[in-house]
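**Student:** The structure's right below; bear with me while I get my questions together.
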Amino acid sequence: MIRRPPRSTPLYSSAASDVYKRQLVFNGEIYNHHEIRSRLESEGHAPVWSGHSDTETLLAAISAWGLSRALQAANGMFALALWDRRARVLSLACDRFGEKPLYYGWMGKTLLFGSELKALARHKAWAAHIDPNALSLYLQYSYVPAPFSIFRGVKKLTPGMIAAVSAETAFGKEPDLHPYWVTRDVVEAAARTPLKIDELQAREEFERLFENAVALRMEADVPLGAFLSGGFDSTAVVAMMQRQSRRPVRTFTIGFTERAYNEAPFAKAIAAHLGTGHTELFVSPREAMDVIPRLSTIYDEPFGDSSQIPTFLVAQLARQHVTVALSGDGGDELFGGYNRHFVSDRLLPVIAQLPQYFRRLLAQAIRSGGSKRWERAYQLATLGRGRMLIGDRTSKFADLLSYPSPSDAYHQWVSAWTDPTSMVRHTENRQAWSNPPYDGPSDLSPVERMMYLDLVTYLPGDILTKVDRATMAVSLEGRVPFLDHRLVEFAWRLPLSHKVAGGVGKRIVRDMVYQHVPRHLMDRPKSGFGIPIDDWLRGPLREWAESLLSADSIESTGLLNSAKITACWAQHLSGGRNWQARLWPVLMLLSWHREWAQSLRHTTLAS
C-alpha cells in the first residue's frame, strides 16, 4: 500500500542465493545508489544486475549488509516495506528526517500499512476512531506529530526508525521498533567533536558539502527544476544547481497581488542574475481559494499551516514544466533561520538580567497595546511593505519575557491553541510529546535547543509534510538538499556563532550566497511563504468560514466544544485580534471532518 509502485522490484535467480529471498516495495529515491552499487561490487556482494534502478541496488545492499546498515549507507528519502521470506518478518522503514510518510496499524487481524490514510481506509478491515489525544496535539501544533495519527490505532513511523513484525506476531501486538538513525545521537556526537575552524574555512566546507548534496539530487532522467522564493535557502539551492548545469535551470515562483505577500519581484531579479529559465505566476485570491476544497484530500489528516496553499500552487506550476523540483527546506532548522532563533540569541542574555517582576510588567504592557496597534505602527515604519503578523510577533516577544525558561517560551511560540485539552471532547491528559528525546541533550544552549526541537518536530510534522503532500498531489517529486545527512552532521559540529550571531541567522548560508548573488538583491527583512488569510477570513472566505465555525456546526461533529472557538471567531471579525493562526487549523479540521464523513461511510468519526 505504498503510495506508488517501485520502479523495479527484482526477483533474482538462485545464483544470488540470499537476495531472492527478500521482496521490497519502495517509494522514494536513493541518491547515492551508484556509490552503493560500486561498494557491493568491490566487496563481491553484487548480484547479476537486471537493471539500473536504485530499488534494485537497495535490495542488494539489504541482502549483503542487513537492513540497518543498508539504510545507514543510503543517502535519500524513502518509505519502504521489506518482506524476508526466510525469516518471515515484515520490516517497515522511513528516511532520517521524515521526507516520506508511512502509516501502519492493526485493524482486527490485519496489519495495514501505506503512505496514505486513504489507502488504508479503503481496506475492508478499516474501522477507525478519531483519537482525542491526537486531536489535542493537532490543535496545539497545527499538525498531528509522529508517532500519532489522527486515528486511534494507526501510527506514523517516526523518522530514522524501523518497525518489524514477524509472521508469528500475535494479532494487535505493536511492531518492534529500533532506529538506524537518531538525531539526538548525532547532536551529542557533534558536541564531543566540534569543528575548530574560522569563517572562511567553514564557508568553504559548507559549500563543498552543499554543492555535492545538490549534485546528487540533480541526477534524474526526467526534466528538473527548483522552487525559487527569493530567500537565502532557495537561492543557495538554485545557485549551486546553475553552477553545475550546462543549461539554464528551470525556476518557479508564485506571486500575489497583495504587496506585503508578494516575493515574486525579488525572485525574478535573482533568477535574472543567475541566468535561470524563470517562470512566475501571479495568483488571484479567487484562484488561491479554489485550492481549499482539495486540501482535505491532499493531506489525509487535518493540517493547519496556511502556507499549504501557495506551496500547492507553486508545485502545480512547476509540474507543468518539470517532473522533479529541488527546494530550500531545512535550511532554517539547521542554520538558525527562524525569527525565534536570532531574536532569542540577541534578547535572551538581556532578558536574563531583568528581575522577574519587571519582565511580567513589560510583557503585560506589550500585550495591552493590542495586535492591531502594533501592526499599524509596523506598516507605517515599513511604508506598507510589512506583513500583518507583526502584532502576533509582539505577543511572541511578550511570551519570551513571561515564561521562566526558553523551552517553555518555545512551546508557547509554536502553539496555535495553548489549552487544547479544554476544547476537545473525551480527551485525557495529553501524552508528553515534548519530553525527551524531543527536548534533546541537556547541554544545548537555549537557541540550539530551539533549533533541535524544530529539526525533530516542526520540520517533519509541518514543513516536510506540507511539501511532500503538495508535490505528490500533482505528481511532482520534491527533493531537499539541505537534508543530506552529511550536511546535518556538519551543521551540528559548527559553532553556533557561524550560524546565529548579532541578531542574524543563517550566517554561513548568507556568506555563501553573497559569493553568487549581490547583497542588494538579498538583504531585506525575512518573510515567510504565506497568504493574507487574516483579511480573507473577514472578506471572501467569510461565508465559508462561518458555515464551519457556527456553534451548531462545531457541536454537531461531536469532537469539539464550541465556546472558545466562536469567541475567537467573533474577536477576529471585529478586528480586535488577528487570530488566523488559531482559526485556520480549526477550519482545516472541520473541513477535513466533513470530507471524510462524506467519502468514507465506514469510518467512525467520533470517539
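Going through the C-alpha cells in order, the chains are called A, B, and so on, while each chain numbers its residues from 1 and the ligands are numbered from 1 in the order shown.
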Using only C-alpha atoms, which protein or nucleic acid residues come within 9 Å of Pro248 of chain A? Drop anything in the same chain fewer than 5 positions from it, and give the result as a compact mmCIF listing (two decimals) with all heavy atoms, in the first residue's frame.
**Tutor:**
```txt
# COMPACT_ATOMS: atom_id res chain seq x y z
N GLN A 242 22.72 25.94 -10.80
CA GLN A 242 23.12 26.64 -12.02
C GLN A 242 24.61 26.49 -12.27
O GLN A 242 25.06 26.37 -13.41
CB GLN A 242 22.75 28.11 -11.93
CG GLN A 242 22.87 28.86 -13.26
CD GLN A 242 21.98 28.25 -14.34
OE1 GLN A 242 20.77 28.34 -14.29
NE2 GLN A 242 22.59 27.60 -15.32
N LEU A 274 21.25 34.98 -11.90
CA LEU A 274 21.84 33.64 -12.01
C LEU A 274 21.67 33.04 -13.40
O LEU A 274 22.31 32.05 -13.73
CB LEU A 274 21.20 32.70 -10.97
CG LEU A 274 21.52 33.03 -9.50
CD1 LEU A 274 20.70 32.12 -8.58
CD2 LEU A 274 23.01 32.87 -9.21
N GLY A 275 20.80 33.62 -14.21
CA GLY A 275 20.61 33.13 -15.58
C GLY A 275 19.74 31.91 -15.69
O GLY A 275 19.94 31.06 -16.57
N THR A 276 18.74 31.79 -14.82
CA THR A 276 17.85 30.63 -14.89
C THR A 276 16.73 30.86 -15.90
O THR A 276 16.45 31.99 -16.31
CB THR A 276 17.23 30.34 -13.52
OG1 THR A 276 16.23 31.33 -13.21
CG2 THR A 276 18.27 30.31 -12.42
N GLY A 277 16.08 29.79 -16.28
CA GLY A 277 14.86 29.88 -17.07
C GLY A 277 13.70 30.03 -16.12
O GLY A 277 13.19 29.03 -15.59
N HIS A 278 13.27 31.25 -15.89
CA HIS A 278 12.36 31.53 -14.78
C HIS A 278 10.91 31.62 -15.24
O HIS A 278 10.60 32.19 -16.29
CB HIS A 278 12.75 32.86 -14.12
CG HIS A 278 12.06 33.11 -12.82
ND1 HIS A 278 12.16 32.26 -11.74
CD2 HIS A 278 11.25 34.14 -12.42
CE1 HIS A 278 11.46 32.75 -10.73
NE2 HIS A 278 10.89 33.87 -11.11
```
**Student:** Using DSSP on the backbone, list every residue of segment 2-233 of chain A that comes out as strand (DSSP E or B), and give them as a PyMOL selection string.
**Tutor:** chain A and resi 22-30+76-84+89-94+103-107+110-114+130+148+151+155-156+161-166+176-179+224-227
**Student:** Dump as a tab-separated table the rows for residues of segment 473-579 of chain A within 6 Å of segment 328-344 of chain A: closest atom pair and distance in Å with one decimal, only C-alpha atoms counted, ordered by chain and rising residue number.
**Tutor:**
```
residue	atom	partner	partner_atom	distance
A:Phe482	CA	A:Gly330	CA	5.5
A:Lys499	CA	A:Phe335	CA	5.1
A:Val500	CA	A:Gly336	CA	5.9
A:Gly503	CA	A:Phe342	CA	4.8
A:Val504	CA	A:Phe342	CA	5.5
A:Gly505	CA	A:Gly337	CA	4.9
A:Lys506	CA	A:Phe335	CA	4.8
```
**Student:** Apply DSSP to the structure's backbone, then extract all residues of segment 181-353 of chain A labelled helix (DSSP H, G or I) and return them as a count of residues only.
**Tutor:** 98
**Student:** If we count only C-alpha atoms, what is near Trp579 of chain A at a cut-off of 8 Å, once residues fewer than 4 positions away on the same chain are taken out, given as a list in words?
**Tutor:**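 The residues that qualify are Asp534, Cys568, Trp569, His572 and Leu583 of chain A.
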**Student:** For the selection just defined, write its residues with N, CA and C atoms to a file, as a PDB file, in the first residue's frame.
**Tutor:**
```
ATOM      1  N   ASP A 534      -5.715  36.332   7.136  1.00  0.00           N
ATOM      2  CA  ASP A 534      -6.339  37.298   8.054  1.00  0.00           C
ATOM      3  C   ASP A 534      -7.460  38.069   7.355  1.00  0.00           C
ATOM      4  N   CYS A 568     -13.358  33.322  19.683  1.00  0.00           N
ATOM      5  CA  CYS A 568     -12.167  33.711  18.912  1.00  0.00           C
ATOM      6  C   CYS A 568     -12.572  34.235  17.531  1.00  0.00           C
ATOM      7  N   TRP A 569     -13.540  33.580  16.905  1.00  0.00           N
ATOM      8  CA  TRP A 569     -14.025  33.988  15.590  1.00  0.00           C
ATOM      9  C   TRP A 569     -14.668  35.377  15.655  1.00  0.00           C
ATOM     10  N   HIS A 572     -11.972  37.978  15.984  1.00  0.00           N
ATOM     11  CA  HIS A 572     -11.262  38.155  14.709  1.00  0.00           C
ATOM     12  C   HIS A 572     -12.079  39.021  13.758  1.00  0.00           C
ATOM     13  N   LEU A 583      -7.527  30.090  14.038  1.00  0.00           N
ATOM     14  CA  LEU A 583      -8.739  29.737  13.313  1.00  0.00           C
ATOM     15  C   LEU A 583      -8.473  28.822  12.128  1.00  0.00           C
TER      16      LEU A 583
END
```
**Student:** Nearest to Leu326 of chain A: which of A:Gly478, A:Pro446, A:Gly160, A:Gly539 is it, counting only C-alpha atoms?
**Tutor:**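 That would be A:Gly478, the residue with the smallest distance to Leu326 of chain A.
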**Student:** Just the residues within 7 Å of segment 166-176 of chain A, please, counting only C-alpha atoms, with nothing from its chain fewer than 6 positions along; format it as a PyMOL selection string.
**Tutor:** chain A and resi 88-90+106+109
**Student:** So that I have them on file, write out the residues from the current selection with N, CA and C atoms, as a CSV table (one decimal), in the first residue's frame.
**Tutor:**
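Now in part-v2.csv:
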```
chain,number,residue,atom,x,y,z
A,88,ARG,N,10.5,-14.7,7.7
A,88,ARG,CA,9.1,-14.4,7.8
A,88,ARG,C,8.9,-13.2,8.6
A,89,VAL,N,9.6,-12.1,8.3
A,89,VAL,CA,9.5,-10.9,9.0
A,89,VAL,C,9.2,-9.7,8.0
A,90,LEU,N,8.2,-8.9,8.3
A,90,LEU,CA,8.0,-7.7,7.6
A,90,LEU,C,8.6,-6.5,8.3
A,106,TRP,N,-2.9,-2.0,13.2
A,106,TRP,CA,-3.7,-3.2,13.2
A,106,TRP,C,-5.2,-2.9,13.1
A,109,LYS,N,-7.4,-8.5,12.6
A,109,LYS,CA,-6.3,-9.4,12.4
A,109,LYS,C,-5.5,-9.0,11.2
```
**Student:** Find the residues around Lys196 of chain A up to 12 Å (only C-alpha atoms counted), leave out those fewer than 4 positions away in its own chain, and share them as a VMD selection string.
**Tutor:** chain A and resid 190 to 192 200 to 202 490 493 to 498
**Student:** Any idea what the distance is between atom CA of Phe210 of chain A and atom CA of Thr311 of chain A?
**Tutor:**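 The value is 23.5 Å.
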**Student:** Can you pull out every residue within 7 Å of segment 224-231 of chain A, counting only C-alpha atoms, but drop anything in the same chain fewer than 2 positions away, and send it as JSON, numbers by chain?
**Tutor:** {"A": [222, 233, 234, 235, 238, 249, 250, 251, 252, 253, 263, 266, 267, 270, 322, 323, 324, 325, 326, 327]}
**Student:** Please produce a file of those selected residues containing N, CA, C and O atoms, as an mmCIF file, in the first residue's frame.
**Tutor:**
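again_23.cif, freshly written:
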```cif
data_model
loop_
_atom_site.group_PDB
_atom_site.id
_atom_site.type_symbol
_atom_site.label_atom_id
_atom_site.label_comp_id
_atom_site.auth_asym_id
_atom_site.auth_seq_id
_atom_site.Cartn_x
_atom_site.Cartn_y
_atom_site.Cartn_z
ATOM 1 N N VAL A 222 14.546 12.748 -15.987
ATOM 2 C CA VAL A 222 13.328 13.492 -16.325
ATOM 3 C C VAL A 222 13.611 14.977 -16.145
ATOM 4 O O VAL A 222 14.612 15.361 -15.519
ATOM 5 N N ASP A 233 17.742 30.373 1.340
ATOM 6 C CA ASP A 233 17.835 28.929 1.172
ATOM 7 C C ASP A 233 17.559 28.498 -0.263
ATOM 8 O O ASP A 233 18.326 27.735 -0.856
ATOM 9 N N SER A 234 16.458 28.961 -0.829
ATOM 10 C CA SER A 234 16.152 28.576 -2.205
ATOM 11 C C SER A 234 17.167 29.168 -3.177
ATOM 12 O O SER A 234 17.528 28.536 -4.183
ATOM 13 N N THR A 235 17.676 30.368 -2.870
ATOM 14 C CA THR A 235 18.699 30.968 -3.727
ATOM 15 C C THR A 235 19.991 30.152 -3.681
ATOM 16 O O THR A 235 20.653 29.959 -4.709
ATOM 17 N N VAL A 238 19.474 27.098 -5.909
ATOM 18 C CA VAL A 238 19.482 27.424 -7.341
ATOM 19 C C VAL A 238 20.879 27.829 -7.791
ATOM 20 O O VAL A 238 21.315 27.467 -8.902
ATOM 21 N N VAL A 249 18.815 26.521 -15.486
ATOM 22 C CA VAL A 249 17.946 25.744 -14.602
ATOM 23 C C VAL A 249 16.543 26.342 -14.634
ATOM 24 O O VAL A 249 16.367 27.563 -14.661
ATOM 25 N N ARG A 250 15.534 25.496 -14.637
ATOM 26 C CA ARG A 250 14.154 25.980 -14.600
ATOM 27 C C ARG A 250 13.797 26.344 -13.154
ATOM 28 O O ARG A 250 13.949 25.535 -12.246
ATOM 29 N N THR A 251 13.341 27.566 -12.934
ATOM 30 C CA THR A 251 12.939 28.011 -11.601
ATOM 31 C C THR A 251 11.503 28.522 -11.634
ATOM 32 O O THR A 251 11.031 29.018 -12.667
ATOM 33 N N PHE A 252 10.831 28.424 -10.458
ATOM 34 C CA PHE A 252 9.394 28.703 -10.407
ATOM 35 C C PHE A 252 9.047 29.494 -9.149
ATOM 36 O O PHE A 252 9.520 29.198 -8.051
ATOM 37 N N THR A 253 8.208 30.501 -9.350
ATOM 38 C CA THR A 253 7.793 31.384 -8.259
ATOM 39 C C THR A 253 6.315 31.713 -8.411
ATOM 40 O O THR A 253 5.833 31.908 -9.529
ATOM 41 N N GLU A 263 6.590 38.079 -3.067
ATOM 42 C CA GLU A 263 8.043 37.929 -3.143
ATOM 43 C C GLU A 263 8.523 37.752 -4.581
ATOM 44 O O GLU A 263 9.722 37.646 -4.814
ATOM 45 N N PHE A 266 11.516 39.884 -6.157
ATOM 46 C CA PHE A 266 12.842 39.533 -5.651
ATOM 47 C C PHE A 266 13.348 38.256 -6.315
ATOM 48 O O PHE A 266 14.504 38.159 -6.719
ATOM 49 N N ALA A 267 12.473 37.262 -6.409
ATOM 50 C CA ALA A 267 12.866 36.007 -7.046
ATOM 51 C C ALA A 267 13.220 36.225 -8.515
ATOM 52 O O ALA A 267 14.182 35.640 -9.029
ATOM 53 N N ILE A 270 16.714 37.739 -8.810
ATOM 54 C CA ILE A 270 17.746 36.737 -8.522
ATOM 55 C C ILE A 270 17.871 35.760 -9.684
ATOM 56 O O ILE A 270 18.986 35.399 -10.091
ATOM 57 N N VAL A 322 8.298 20.491 -15.339
ATOM 58 C CA VAL A 322 9.313 19.549 -14.877
ATOM 59 C C VAL A 322 8.648 18.431 -14.083
ATOM 60 O O VAL A 322 7.477 18.513 -13.715
ATOM 61 N N THR A 323 9.429 17.385 -13.800
ATOM 62 C CA THR A 323 8.937 16.246 -13.031
ATOM 63 C C THR A 323 9.565 16.186 -11.644
ATOM 64 O O THR A 323 9.015 15.579 -10.730
ATOM 65 N N VAL A 324 10.735 16.803 -11.496
ATOM 66 C CA VAL A 324 11.454 16.850 -10.218
ATOM 67 C C VAL A 324 11.770 18.304 -9.905
ATOM 68 O O VAL A 324 12.179 19.059 -10.787
ATOM 69 N N ALA A 325 11.590 18.703 -8.628
ATOM 70 C CA ALA A 325 11.908 20.072 -8.222
ATOM 71 C C ALA A 325 12.647 20.048 -6.893
ATOM 72 O O ALA A 325 12.226 19.377 -5.948
ATOM 73 N N LEU A 326 13.757 20.783 -6.820
ATOM 74 C CA LEU A 326 14.506 20.927 -5.581
ATOM 75 C C LEU A 326 13.972 22.126 -4.799
ATOM 76 O O LEU A 326 13.530 23.112 -5.392
ATOM 77 N N SER A 327 14.036 22.031 -3.465
ATOM 78 C CA SER A 327 13.564 23.122 -2.614
ATOM 79 C C SER A 327 14.604 23.447 -1.556
ATOM 80 O O SER A 327 15.529 22.670 -1.307
#
```
**Student:** Between atom CA of Asp443 of chain A and atom CA of His485 of chain A, what is the spacing in Å?
**Tutor:**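 Atom CA of Asp443 of chain A lies 22.3 Å from atom CA of His485 of chain A.
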